[in-house]
$ cat upload.tsv   # TSV, C-alpha atoms and all ligand atoms
chain	number	residue	atom	x	y	z
A	1	MET	CA	-12.61	-6.24	17.16
A	2	LEU	CA	-10.54	-9.36	17.03
A	3	ARG	CA	-7.26	-9.34	18.89
A	4	LYS	CA	-4.13	-10.47	17.17
A	5	LEU	CA	-3.35	-14.00	18.17
A	6	ARG	CA	-0.02	-15.70	18.01
A	7	SER	CA	1.02	-19.19	18.81
A	8	HIS	CA	4.18	-18.34	20.72
A	9	GLY	CA	5.00	-21.96	21.45
A	10	SER	CA	5.05	-22.91	17.80
A	11	MET	CA	7.33	-20.09	16.68
A	12	VAL	CA	11.01	-20.92	16.42
A	13	GLN	CA	13.51	-18.46	15.11
A	14	ARG	CA	17.15	-17.62	14.97
A	15	VAL	CA	18.93	-14.41	14.15
A	16	LEU	CA	21.24	-14.07	11.21
A	17	VAL	CA	23.71	-11.25	10.92
A	18	GLY	CA	24.32	-10.29	7.32
A	19	VAL	CA	27.30	-8.10	6.49
A	20	SER	CA	27.63	-6.32	3.18
A	21	MET	CA	30.32	-4.00	1.84
A	22	THR	CA	28.39	-0.90	2.79
A	23	ARG	CA	26.25	-1.81	5.74
A	24	GLN	CA	25.48	-4.42	8.30
A	25	CYS	CA	21.96	-5.81	8.54
A	26	THR	CA	20.56	-7.89	11.33
A	27	ILE	CA	17.48	-9.83	10.41
A	28	ALA	CA	15.44	-12.61	11.83
A	29	ALA	CA	15.05	-15.73	9.74
A	30	PRO	CA	13.28	-19.06	10.13
A	31	LEU	CA	15.26	-21.92	11.62
A	32	PHE	CA	13.68	-24.65	9.52
A	33	PRO	CA	12.94	-24.04	5.88
A	34	SER	CA	9.89	-25.98	4.85
A	35	PHE	CA	8.14	-26.94	1.67
A	36	SER	CA	4.58	-27.31	2.89
A	37	ARG	CA	1.65	-25.72	1.06
A	38	SER	CA	0.40	-22.32	2.16
A	39	LEU	CA	-2.65	-21.62	4.29
A	40	ILE	CA	-5.36	-19.79	2.43
A	41	LEU	CA	-6.58	-16.97	4.68
A	42	ARG	CA	-9.34	-14.56	3.75
A	43	PRO	CA	-8.59	-10.85	4.07
A	44	PRO	CA	-10.22	-9.56	7.26
A	45	PRO	CA	-12.51	-6.52	7.40
A	46	CYS	CA	-10.24	-4.73	9.88
A	47	SER	CA	-6.54	-4.10	10.46
A	48	VAL	CA	-5.82	-7.39	12.16
A	49	ALA	CA	-5.20	-10.72	10.46
A	50	PHE	CA	-7.44	-13.62	11.42
A	51	ALA	CA	-5.39	-16.32	13.02
A	52	THR	CA	-5.78	-19.46	14.95
A	53	MET	CA	-3.77	-20.56	17.94
A	54	THR	CA	-3.38	-23.90	16.24
A	55	THR	CA	-1.52	-23.06	13.03
A	56	PRO	CA	0.95	-25.93	12.87
A	57	ASP	CA	4.68	-25.22	12.71
A	58	HIS	CA	5.19	-26.91	9.36
A	59	ARG	CA	2.49	-24.77	7.76
A	60	LEU	CA	3.92	-21.56	9.24
A	61	ASP	CA	7.40	-22.51	8.03
A	62	GLY	CA	5.99	-22.91	4.53
A	63	ILE	CA	4.35	-19.50	4.61
A	64	PHE	CA	7.49	-17.81	5.95
A	65	THR	CA	9.40	-19.47	3.11
A	66	GLN	CA	6.91	-18.04	0.62
A	67	LYS	CA	7.34	-14.61	2.20
A	68	ARG	CA	11.11	-14.86	1.74
A	69	VAL	CA	10.71	-15.79	-1.91
A	70	LEU	CA	8.37	-12.85	-2.53
A	71	ARG	CA	10.72	-10.45	-0.68
A	72	SER	CA	13.60	-11.50	-2.98
A	73	LYS	CA	11.48	-10.92	-6.07
A	74	VAL	CA	10.27	-7.48	-4.98
A	75	LYS	CA	13.78	-6.41	-3.92
A	76	LYS	CA	15.01	-7.41	-7.39
A	77	ASP	CA	12.23	-5.38	-9.02
A	78	LEU	CA	13.10	-2.40	-6.83
A	79	ARG	CA	16.80	-2.65	-7.67
A	80	SER	CA	16.04	-2.65	-11.37
A	81	MET	CA	13.70	0.34	-11.14
A	82	ASP	CA	14.85	3.29	-13.22
A	83	PRO	CA	16.25	5.90	-10.77
A	84	VAL	CA	14.50	8.71	-12.65
A	85	LEU	CA	11.15	6.93	-12.36
A	86	ARG	CA	11.84	6.25	-8.69
A	87	SER	CA	12.54	9.90	-8.06
A	88	HIS	CA	9.30	10.89	-9.86
A	89	GLU	CA	7.35	8.38	-7.81
A	90	ASP	CA	8.97	9.64	-4.58
A	91	ASP	CA	7.82	13.16	-5.43
A	92	ALA	CA	4.34	12.07	-6.50
A	93	ILE	CA	3.76	10.04	-3.32
A	94	GLN	CA	5.05	12.77	-1.01
A	95	ASN	CA	3.08	15.49	-2.78
A	96	LEU	CA	-0.08	13.42	-2.46
A	97	ILE	CA	0.55	13.05	1.27
A	98	LEU	CA	1.37	16.71	1.80
A	99	GLU	CA	-1.84	17.76	0.04
A	100	ALA	CA	-4.09	15.19	1.71
A	101	PRO	CA	-6.66	16.43	4.24
A	102	TRP	CA	-5.98	13.39	6.46
A	103	PHE	CA	-2.31	14.38	6.60
A	104	LYS	CA	-2.95	18.08	7.06
A	105	SER	CA	-5.31	17.40	9.93
A	106	SER	CA	-3.04	14.85	11.59
A	107	LYS	CA	-1.79	16.11	14.97
A	108	ARG	CA	0.45	13.29	16.10
A	109	LEU	CA	2.03	10.72	13.84
A	110	CYS	CA	4.58	7.94	13.56
A	111	ALA	CA	6.63	7.84	10.37
A	112	TYR	CA	9.65	5.93	9.11
A	113	ILE	CA	12.95	7.55	8.14
A	114	SER	CA	13.44	6.29	4.60
A	115	CYS	CA	16.64	4.49	3.63
A	116	SER	CA	17.56	4.93	-0.03
A	117	ALA	CA	19.88	1.89	0.03
A	118	LEU	CA	16.79	-0.20	0.85
A	119	ARG	CA	14.91	1.48	-2.03
A	120	GLU	CA	12.21	2.72	0.31
A	121	VAL	CA	9.74	5.39	-0.69
A	122	ASP	CA	11.34	8.68	0.33
A	123	THR	CA	9.84	10.38	3.38
A	124	SER	CA	12.30	13.28	3.65
A	125	LYS	CA	9.94	15.95	2.24
A	126	VAL	CA	7.09	14.82	4.46
A	127	LEU	CA	9.30	14.79	7.56
A	128	GLN	CA	10.75	18.17	6.67
A	129	ASN	CA	7.22	19.52	6.41
A	130	VAL	CA	6.29	18.05	9.79
A	131	LEU	CA	9.38	19.39	11.51
A	132	GLN	CA	9.88	22.73	9.80
A	133	ASN	CA	7.67	24.74	12.13
A	134	GLN	CA	8.85	23.23	15.36
A	135	THR	CA	10.83	25.38	17.76
A	136	LYS	CA	14.33	24.44	18.82
A	137	ASP	CA	13.34	23.02	22.19
A	138	GLY	CA	10.62	20.81	20.71
A	139	GLU	CA	7.75	23.01	21.89
A	140	THR	CA	4.88	22.99	19.45
A	141	ASP	CA	1.78	25.08	19.05
A	142	THR	CA	-1.61	23.64	18.19
A	143	ALA	CA	-1.03	23.86	14.42
A	144	LYS	CA	2.13	21.79	14.57
A	145	LYS	CA	2.47	18.04	14.50
A	146	ILE	CA	4.18	15.77	17.00
A	147	LEU	CA	6.42	13.22	15.30
A	148	TYR	CA	7.59	9.82	16.52
A	149	VAL	CA	10.12	7.75	14.56
A	150	PRO	CA	11.35	4.16	14.95
A	151	ARG	CA	14.24	3.01	17.05
A	152	VAL	CA	15.12	-0.70	17.01
A	153	GLU	CA	15.75	-1.86	20.57
A	154	ASP	CA	16.62	-5.51	20.02
A	155	LYS	CA	16.51	-8.28	17.45
A	156	ASN	CA	13.35	-9.73	18.97
A	157	CYS	CA	10.82	-7.60	17.05
A	158	HIS	CA	11.15	-4.77	19.58
A	159	MET	CA	10.98	-1.29	18.12
A	160	ARG	CA	10.02	1.90	19.95
A	161	MET	CA	8.65	5.06	18.38
A	162	LEU	CA	10.40	8.06	19.94
A	163	ASN	CA	9.60	11.74	19.66
A	164	ILE	CA	11.95	13.94	17.65
A	165	SER	CA	11.80	17.62	16.81
A	166	ARG	CA	14.70	17.94	14.37
A	167	MET	CA	16.40	15.73	11.79
A	168	ASP	CA	19.64	16.46	13.68
A	169	ASP	CA	18.22	14.27	16.45
A	170	LEU	CA	18.98	11.23	14.29
A	171	ILE	CA	22.07	9.05	14.03
A	172	ALA	CA	22.75	6.05	11.76
A	173	ASN	CA	22.32	2.64	13.37
A	174	SER	CA	24.17	-0.56	12.45
A	175	MET	CA	21.76	-1.06	9.53
A	176	ASN	CA	22.58	2.44	8.30
A	177	ILE	CA	19.05	3.61	9.04
A	178	LEU	CA	18.76	6.94	10.83
A	179	GLU	CA	17.15	6.70	14.25
A	180	PRO	CA	16.99	8.74	17.45
A	181	ALA	CA	19.16	8.13	20.50
A	182	PRO	CA	17.02	7.27	23.54
A	183	VAL	CA	17.93	10.58	25.19
A	184	ASP	CA	18.02	14.06	23.70
A	185	ALA	CA	20.93	16.52	23.70
A	186	ASP	CA	20.00	17.63	27.24
A	187	GLY	CA	20.08	14.07	28.53
A	188	ASN	CA	16.28	13.82	28.84
A	189	ASP	CA	14.50	10.63	27.79
A	190	ARG	CA	12.68	11.05	24.50
A	191	GLU	CA	8.97	10.45	24.77
A	192	ASP	CA	7.99	6.92	23.78
A	193	VAL	CA	4.67	6.93	21.93
A	194	MET	CA	3.50	3.96	24.00
A	195	LEU	CA	3.82	6.11	27.13
A	196	ALA	CA	2.29	9.29	25.72
A	197	ASP	CA	-0.91	10.72	27.20
A	198	GLU	CA	-2.45	11.42	23.81
A	199	PRO	CA	-2.95	9.13	20.82
A	200	VAL	CA	-1.29	9.24	17.44
A	201	ASP	CA	-3.79	9.52	14.60
A	202	LEU	CA	-1.55	8.34	11.76
A	203	LEU	CA	1.14	5.73	11.08
A	204	LEU	CA	3.14	6.01	7.86
A	205	LEU	CA	4.54	2.57	7.16
A	206	PRO	CA	7.29	1.19	4.93
A	207	GLY	CA	7.21	-2.28	3.43
A	208	LEU	CA	8.23	-4.41	0.49
A	209	ALA	CA	4.90	-5.42	-1.03
A	210	PHE	CA	1.26	-4.51	-0.57
A	211	ASP	CA	-2.13	-5.37	-2.02
A	212	LYS	CA	-5.44	-3.57	-2.22
A	213	THR	CA	-7.02	-5.79	0.45
A	214	GLY	CA	-4.60	-4.45	3.07
A	215	ARG	CA	-1.94	-7.14	3.09
A	216	ARG	CA	1.57	-5.88	3.76
A	217	LEU	CA	4.88	-7.70	3.46
A	218	GLY	CA	7.64	-6.16	5.58
A	219	ARG	CA	11.37	-6.90	5.66
A	220	GLY	CA	10.89	-9.92	7.87
A	221	GLY	CA	11.89	-8.52	11.25
A	222	GLY	CA	8.33	-8.42	12.58
A	223	TYR	CA	9.02	-4.93	14.01
A	224	TYR	CA	6.10	-3.10	12.44
A	225	ASP	CA	3.57	-5.88	12.95
A	226	THR	CA	4.55	-6.09	16.61
A	227	PHE	CA	4.49	-2.35	17.16
A	228	SER	CA	1.21	-1.78	15.24
A	229	SER	CA	-0.52	-4.56	17.09
A	230	LYS	CA	0.62	-3.30	20.50
A	231	TYR	CA	-0.41	0.24	19.66
A	232	GLN	CA	-3.84	-0.91	18.48
A	233	GLU	CA	-4.26	-2.76	21.76
A	234	LEU	CA	-3.22	0.35	23.73
A	235	ALA	CA	-5.75	2.45	21.80
A	236	ARG	CA	-8.47	-0.10	22.56
A	237	GLN	CA	-7.63	-0.09	26.26
A	238	ARG	CA	-7.73	3.70	26.41
A	239	ASN	CA	-10.81	4.07	24.22
A	240	TRP	CA	-8.81	6.11	21.72
A	241	LYS	CA	-9.62	6.27	18.04
A	242	GLN	CA	-7.39	3.81	16.19
A	243	PRO	CA	-4.59	5.42	14.16
A	244	LEU	CA	-4.87	5.22	10.40
A	245	LEU	CA	-2.26	2.79	9.03
A	246	VAL	CA	-1.09	4.17	5.70
A	247	ALA	CA	1.69	2.44	3.72
A	248	LEU	CA	3.79	4.19	1.06
A	249	SER	CA	4.33	2.17	-2.09
A	250	TYR	CA	6.03	2.46	-5.46
A	251	SER	CA	3.90	1.10	-8.33
A	252	VAL	CA	5.98	-2.09	-8.59
A	253	GLN	CA	5.30	-2.92	-4.95
A	254	ILE	CA	1.53	-3.26	-5.37
A	255	ILE	CA	0.81	-6.83	-6.30
A	256	GLU	CA	-2.22	-8.93	-7.12
A	257	ASP	CA	-4.77	-9.24	-4.32
A	258	GLY	CA	-4.35	-12.28	-2.08
A	259	VAL	CA	-0.88	-13.27	-3.31
A	260	ILE	CA	1.04	-11.93	-0.29
A	261	PRO	CA	1.36	-14.84	2.15
A	262	LEU	CA	-0.20	-14.23	5.57
A	263	THR	CA	1.04	-15.32	8.99
A	264	PRO	CA	-0.91	-14.92	12.24
A	265	SER	CA	0.89	-11.79	13.43
A	266	ASP	CA	0.41	-9.78	10.22
A	267	VAL	CA	-1.37	-6.46	10.73
A	268	PHE	CA	-3.46	-5.13	7.86
A	269	ILE	CA	-3.10	-1.57	6.58
A	270	ASP	CA	-5.98	0.88	6.16
A	271	ALA	CA	-4.75	2.56	3.00
A	272	LEU	CA	-1.95	2.88	0.50
A	273	VAL	CA	-0.38	5.92	-1.13
A	274	SER	CA	1.06	5.07	-4.52
A	275	PRO	CA	2.11	7.47	-7.30
A	276	SER	CA	-1.34	7.06	-8.84
A	277	GLY	CA	-3.14	8.17	-5.71
A	278	PHE	CA	-4.56	7.36	-2.30
A	279	ILE	CA	-6.02	3.85	-2.16
A	280	PRO	CA	-8.47	3.43	0.72
A	281	ILE	CA	-8.90	-0.13	1.95
A	282	THR	CA	-10.85	-0.13	5.21
A	283	SER	CA	-13.96	1.83	6.12
A	284	ALA	CA	-11.76	4.02	8.36
A	285	ALA	CA	-9.86	5.07	5.25
A	286	GLN	CA	-13.03	5.51	3.15
A	287	GLU	CA	-14.41	7.87	5.77
A	288	ILE	CA	-11.51	10.30	5.56
A	289	ILE	CA	-11.85	10.88	1.82
A	290	PRO	CA	-13.55	14.24	1.23
B	1	LIG	N1	13.35	3.00	7.21
B	1	LIG	C1	13.03	1.94	7.94
B	1	LIG	N2	13.21	1.96	9.24
B	1	LIG	C2	12.90	0.86	9.97
B	1	LIG	C3	12.39	-0.29	9.36
B	1	LIG	C4	12.21	-0.29	7.94
B	1	LIG	O1	11.76	-1.25	7.32
B	1	LIG	N3	12.54	0.85	7.29
B	1	LIG	N4	12.09	-1.38	10.12
B	1	LIG	C5	11.16	-2.33	9.79
B	1	LIG	O2	11.17	-3.42	10.28
B	1	LIG	C6	12.77	-1.52	11.40
B	1	LIG	C7	14.17	-2.00	11.15
B	1	LIG	N5	14.15	-3.26	10.51
B	1	LIG	C8	14.94	-3.61	9.46
B	1	LIG	C9	14.92	-4.91	9.01
B	1	LIG	C10	15.73	-5.28	7.96
B	1	LIG	C11	16.56	-4.34	7.36
B	1	LIG	C12	17.42	-4.71	6.22
B	1	LIG	O3	18.38	-4.04	5.93
B	1	LIG	N6	17.11	-5.76	5.50
B	1	LIG	C13	17.79	-6.14	4.30
B	1	LIG	C14	18.14	-7.60	4.29
B	1	LIG	C15	19.36	-7.88	5.04
B	1	LIG	C16	19.94	-9.22	4.72
B	1	LIG	O4	19.25	-10.01	4.04
B	1	LIG	O5	21.05	-9.47	5.14
B	1	LIG	C17	16.88	-5.91	3.13
B	1	LIG	O6	15.67	-5.87	3.34
B	1	LIG	O7	17.40	-5.79	2.02
B	1	LIG	C18	16.55	-3.05	7.80
B	1	LIG	C19	15.74	-2.68	8.85
B	1	LIG	C20	12.75	-0.19	12.11
B	1	LIG	N7	13.16	0.89	11.27
B	2	LIG	N1	9.49	-20.08	10.10
B	2	LIG	C1	9.21	-19.21	11.07
B	2	LIG	N2	8.59	-19.61	12.17
B	2	LIG	C2	8.31	-18.77	13.13
B	2	LIG	N3	8.59	-17.45	13.10
B	2	LIG	C3	9.20	-16.96	12.02
B	2	LIG	C4	9.53	-17.81	10.94
B	2	LIG	N4	10.11	-17.04	10.00
B	2	LIG	C5	10.13	-15.78	10.49
B	2	LIG	N5	9.58	-15.75	11.70
B	2	LIG	C6	9.41	-14.55	12.56
B	2	LIG	O1	8.11	-14.01	12.45
B	2	LIG	C7	8.16	-12.60	12.68
B	2	LIG	C8	7.33	-11.86	11.66
B	2	LIG	O2	7.81	-12.11	10.39
B	2	LIG	P1	7.06	-11.51	9.13
B	2	LIG	O3	7.59	-12.21	7.95
B	2	LIG	O4	5.58	-11.54	9.33
B	2	LIG	O5	7.58	-10.01	9.21
B	2	LIG	P2	7.20	-8.79	8.31
B	2	LIG	O6	5.73	-8.63	8.28
B	2	LIG	O7	7.87	-8.89	7.02
B	2	LIG	O8	7.95	-7.70	9.18
B	2	LIG	P3	7.53	-6.25	9.71
B	2	LIG	O9	6.45	-6.43	10.72
B	2	LIG	O10	8.78	-5.74	10.33
B	2	LIG	O11	7.12	-5.49	8.57
B	2	LIG	C9	9.61	-12.24	12.70
B	2	LIG	O12	10.00	-12.07	14.03
B	2	LIG	C10	10.31	-13.45	12.13
B	2	LIG	O13	11.57	-13.63	12.69
$ encode --input "upload.tsv" --output "structure tokens" --more "lines below"
Ligand SMILES: Nc1nc2c(c(=O)[nH]1)N(C=O)[C@@H](CNc1ccc(C(=O)N[C@@H](CCC(=O)O)C(=O)O)cc1)CN2
Ligand SMILES: Nc1ncnc2c1ncn2[C@@H]1O[C@H](COP(=O)(O)OP(=O)(O)OP(=O)(O)O)[C@@H](O)[C@H]1O
Amino acid sequence: MLRKLRSHGSMVQRVLVGVSMTRQCTIAAPLFPSFSRSLILRPPPCSVAFATMTTPDHRLDGIFTQKRVLRSKVKKDLRSMDPVLRSHEDDAIQNLILEAPWFKSSKRLCAYISCSALREVDTSKVLQNVLQNQTKDGETDTAKKILYVPRVEDKNCHMRMLNISRMDDLIANSMNILEPAPVDADGNDREDVMLADEPVDLLLLPGLAFDKTGRRLGRGGGYYDTFSSKYQELARQRNWKQPLLVALSYSVQIIEDGVIPLTPSDVFIDALVSPSGFIPITSAAQEIIP
């Protein structure tokens, strides 16, 4: 399998801190806006974007600009979505997940804690289902799932996935997203999925836009691409089965194939869950359909 490549030397970025009335958001943004034409990249057959070490800065700047434009459009579409429809879609997506054999059989998973202010597909029912049978001290029996959720560590794309056993383990961060403290109530370090002895089999991912070839547009922080890529590399090194990357998407977030701009660090998803059903993309996802 191809490894994700990134031309570190050609990437320049700065961090902007955006403050709104209700919450503070810290996002990374390109230093130099550019107007160059996009690169046309073919969708790859696996979860990693093809890239070259030689993508010139001016071309990357142009693609990042296109990503920003698309993010603004999708955010607008999400804001104008009828709340009743959104609630129906939240239920439909979560019910599909809860009934899916690939979810039922999952033993260890990473999932995001949805933020309604960001208009993300709700994960509360799914998380409740995962956590409901866990004992107070986090002990689990073989039928129960181990859950890891994101914690942003710095503004440089660094996010860890830490083990939690109760929703009470979460506190709101500066972006008003719930996340775990690094230590639990007893002062013990929470398990970081990158240091765990056993693999996760499933990643439930958020995002702003998706297509049916596996492209995913995130919020621009690079957190999920960086984490997914590192985890895939860890799984390769340990000869573990790769986790299934499944993104959750409202109908308005699925856009025409090939329109989402691609940059070298983008990681492709294996499947989508939308209100109309499970959409397998890679052979790994095809194989888990009964
Ligand atoms: N629920 C959830 N948790 C997550 C993520 C996510 O996308 N969703 N992340 C995934 O990376 C990481 C956090 N990254 C984030 C990046 C941007 C924003 C955010 O609020 N962005 C605003 C724009 C802010 C601005 O423009 O000033 C937005 O998208 O509207 C939030 C989280 C880790 N945890
Ligand atoms: N013009 C630019 N040149 C170089 N790097 C940039 C540029 N614009 C953004 N970046 C950085 O590239 C990284 C990935 O951005 P990208 O737009 O691919 O994120 P994303 O896929 O939306 O995010 P996530 O992985 O969190 O879902 C971020 O760290 C971002 O700061």
$ atom_distance --input "upload.tsv" --atom1 "atom CA of A:Asn176" --atom2 "atom CA of A:Val149"
14.9 Å
$ closest_residue --input "upload.tsv" --among "A:Pro275, A:Pro199, A:Gly207, A:Pro290" --to "ligand LIG 2 (chain B)" --atoms "all atoms listed in the file"
A:Gly207
$ closest_residue --input "upload.tsv" --among "A:Asp122, A:Glu287, A:Asp184, A:Asp169" --to "A:Glu89" --atoms "only C-alpha atoms"
A:Asp122
$ residues_near_point --input "upload.tsv" --point "(3.3, -6.0, 6.3)" --cutoff "10 Å" --atoms "all atoms listed in the file" --output "list in words"
Leu205, Pro206, Gly207, Leu208, Ala209, Phe210, Asp211, Gly214, Arg215, Arg216, Leu217, Gly218, Arg219, Gly220, Gly222, Tyr223, Tyr224, Asp225, Ala247, Ile260, Pro261, Leu262, Thr263, Ser265, Asp266, Val267, Phe268 and Ile269 of chain A
$ atom_distance --input "upload.tsv" --atom1 "atom CA of A:Ile113" --atom2 "atom CA of A:Phe64"
26.0 Å
$ axis_aligned_box --input "upload.tsv" --around "ligand LIG 2 (chain B)" --padding-each-side "8 Å" --output "AutoDock Vina command-line options"
--center_x 8.6 --center_y -12.8 --center_z 10.5 --size_x 22.0 --size_y 30.6 --size_z 23.0
